[in-house]
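Source file: work-v5.cif; contents: mmCIF, C-alpha atoms.
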data_work
loop_
_atom_site.label_atom_id
_atom_site.label_comp_id
_atom_site.auth_asym_id
_atom_site.auth_seq_id
_atom_site.Cartn_x
_atom_site.Cartn_y
_atom_site.Cartn_z
CA MET A 175 8.95 15.36 -23.57
CA ALA A 176 9.22 13.52 -20.29
CA ASP A 177 11.45 10.50 -19.99
CA MET A 178 9.40 7.32 -20.47
CA GLY A 179 11.00 5.66 -17.43
CA ILE A 180 9.83 8.46 -15.13
CA VAL A 181 6.30 8.27 -16.51
CA LEU A 182 6.12 4.47 -16.17
CA GLY A 183 7.60 4.59 -12.67
CA ALA A 184 5.05 7.18 -11.54
CA TYR A 185 2.21 5.26 -13.18
CA SER A 186 3.18 1.99 -11.48
CA LEU A 187 3.37 3.64 -8.05
CA ILE A 188 -0.05 5.23 -8.53
CA LEU A 189 -1.47 1.86 -9.61
CA ALA A 190 0.09 0.23 -6.53
CA SER A 191 -1.56 2.87 -4.34
CA VAL A 192 -4.95 2.07 -5.86
CA ILE A 193 -4.41 -1.64 -5.15
CA ILE A 194 -3.47 -0.77 -1.56
CA LEU A 195 -6.75 1.11 -1.21
CA PHE A 196 -8.57 -2.06 -2.29
CA MET A 197 -6.75 -3.93 0.48
CA PHE A 198 -7.84 -1.16 2.87
CA ALA A 199 -11.43 -1.78 1.80
CA ILE A 200 -11.09 -5.56 2.20
CA GLY A 201 -9.72 -5.16 5.73
CA ARG A 202 -12.48 -2.73 6.64
CA LEU A 203 -15.18 -5.01 5.25
CA TYR A 204 -13.78 -8.01 7.13
CA GLN A 205 -13.65 -6.04 10.38
CA LEU A 206 -17.21 -4.80 9.99
CA ASN A 207 -18.63 -8.22 9.09
CA PHE A 208 -16.71 -10.45 11.49
CA GLY A 209 -15.83 -8.07 14.31
CA LYS A 210 -12.11 -8.91 14.32
CA LYS A 211 -9.60 -6.09 14.48
CA THR A 212 -7.76 -5.99 11.15
CA TYR A 213 -5.77 -2.71 11.49
CA TYR A 214 -7.11 -1.63 8.10
CA LYS A 215 -6.37 2.07 8.70
CA TRP A 216 -2.65 1.31 8.65
CA PHE A 217 -2.90 0.54 4.92
CA LEU A 218 -3.17 4.27 4.29
CA ILE A 219 0.47 4.74 5.33
CA PRO A 220 2.05 2.73 2.46
CA ALA A 221 -0.40 4.31 0.01
CA ALA A 222 0.62 7.78 1.18
CA LEU A 223 4.31 6.84 1.03
CA PHE A 224 3.93 5.62 -2.56
CA ILE A 225 2.13 8.83 -3.57
CA LEU A 226 4.91 10.83 -1.86
CA CYS A 227 7.44 8.77 -3.79
CA VAL A 228 5.61 9.67 -7.02
CA GLY A 229 5.82 13.34 -6.08
CA MET A 230 9.56 13.01 -5.63
CA HIS A 231 10.05 10.72 -8.62
CA VAL A 232 8.59 13.08 -11.22
CA PRO A 233 11.08 15.95 -10.61
CA GLY A 234 13.93 13.47 -10.93
CA TYR A 235 14.73 12.55 -7.33
CA ASN A 236 14.66 8.83 -6.72
CA GLY A 237 12.68 8.29 -3.55
CA LEU A 238 14.05 4.79 -3.11
CA VAL A 239 14.15 4.89 0.68
CA ILE A 240 10.56 6.11 0.91
CA GLY A 241 9.47 3.47 -1.59
CA PHE A 242 11.31 0.76 0.33
CA VAL A 243 9.70 1.78 3.63
CA GLY A 244 6.29 1.79 1.94
CA ALA A 245 6.87 -1.64 0.39
CA ALA A 246 8.17 -3.14 3.65
CA SER A 247 5.23 -1.79 5.64
CA LEU A 248 2.82 -3.04 2.96
CA LEU A 249 4.34 -6.51 3.09
CA THR A 250 4.05 -6.60 6.87
CA LEU A 251 0.45 -5.35 6.89
CA THR A 252 -0.55 -7.81 4.18
CA ALA A 253 0.91 -10.71 6.17
CA ILE A 254 -0.94 -9.57 9.30
CA LEU A 255 -4.24 -9.25 7.41
CA TYR A 256 -3.74 -12.65 5.82
CA LYS A 257 -3.07 -14.24 9.21
CA ILE A 258 -6.16 -12.63 10.74
CA MET A 259 -8.43 -13.63 7.87
CA THR A 260 -7.26 -17.26 7.64
CA ARG A 261 -7.18 -18.02 11.36
CA VAL A 262 -9.44 -20.95 12.16
CA GLU A 263 -11.37 -20.88 15.42
CA LYS A 264 -12.21 -24.09 17.24
#
Before we go any further, please render this structure as structure tokens.
Amino acid sequence: MADMGIVLGAYSLILASVIILFMFAIGRLYQLNFGKKTYYKWFLIPAALFILCVGMHVPGYNGLVIGFVGAASLLTLTAILYKIMTRVEK
């Protein structure tokens, strides 16, 4: 039987990737409706890095560096999207 920590770690990374895809969809919708460039395609990079981390996590290798890069890029992209969406025009 697989170690419960490995299963929960893989499950949480997959769930995070699904949430990132929702953010991808929000950025795309905002760009299509308001015509402002939101860089929504860049959200696919952290999602792919998290899925890659799951692929490495299941055999037993801790992909901590890949997960950290994915989390840092996600944080940066989320801040950029937030700034674009909340900018008030005069």
Do you know which residues the PyMOL selection byres ((chain A and resi 244) around 9) returns on this file, as a list in words? Ile219, Pro220, Ala221, Ala222, Leu223, Phe224, Val239, Ile240, Gly241, Phe242, Val243, Ala245, Ala246, Ser247, Leu248 and Leu249 of chain A
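Restricting the calculation to only C-alpha atoms, the smallest distance between Tyr185 of chain A and any of A:Gln205, A:Arg261, A:Ile254, A:Val228 is found for A:Val228.
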Excluding Leu189 of chain A and its own-chain neighbours fewer than 5 positions away, which residues fall within 12 Å of it when counting all atoms listed in the file? Please give them as a PyMOL selection string. chain A and resi 182-184+194-196+221+224-225+228
As an exercise, work out the distance from atom CA of Ile193 of chain A to atom CA of Trp216 of chain A in Å and give it to one decimal place. 14.2 Å
Distance query Thr212 of chain A at most 7 Å, only C-alpha atoms, self and fewer than 2 positions along chain excluded, as JSON, numbers by chain: {"A": [201, 205, 210, 214, 255, 258]}
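Nearest to Lys257 of chain A of all the residues A:Leu226, A:Lys211, A:Arg202, A:Leu238 is A:Lys211, based on only C-alpha atoms.
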Can you work out which one of A:Met259, A:Val181, A:Leu251, A:Met197 has the shortest atom-to-atom distance to Gly229 of chain A, counting all atoms listed in the file? A:Val181
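Closest approach to Ile188 of chain A from the set A:Thr250, A:Cys227, A:Tyr256, A:Asn207 is made by A:Cys227, with distances taken over all atoms listed in the file.
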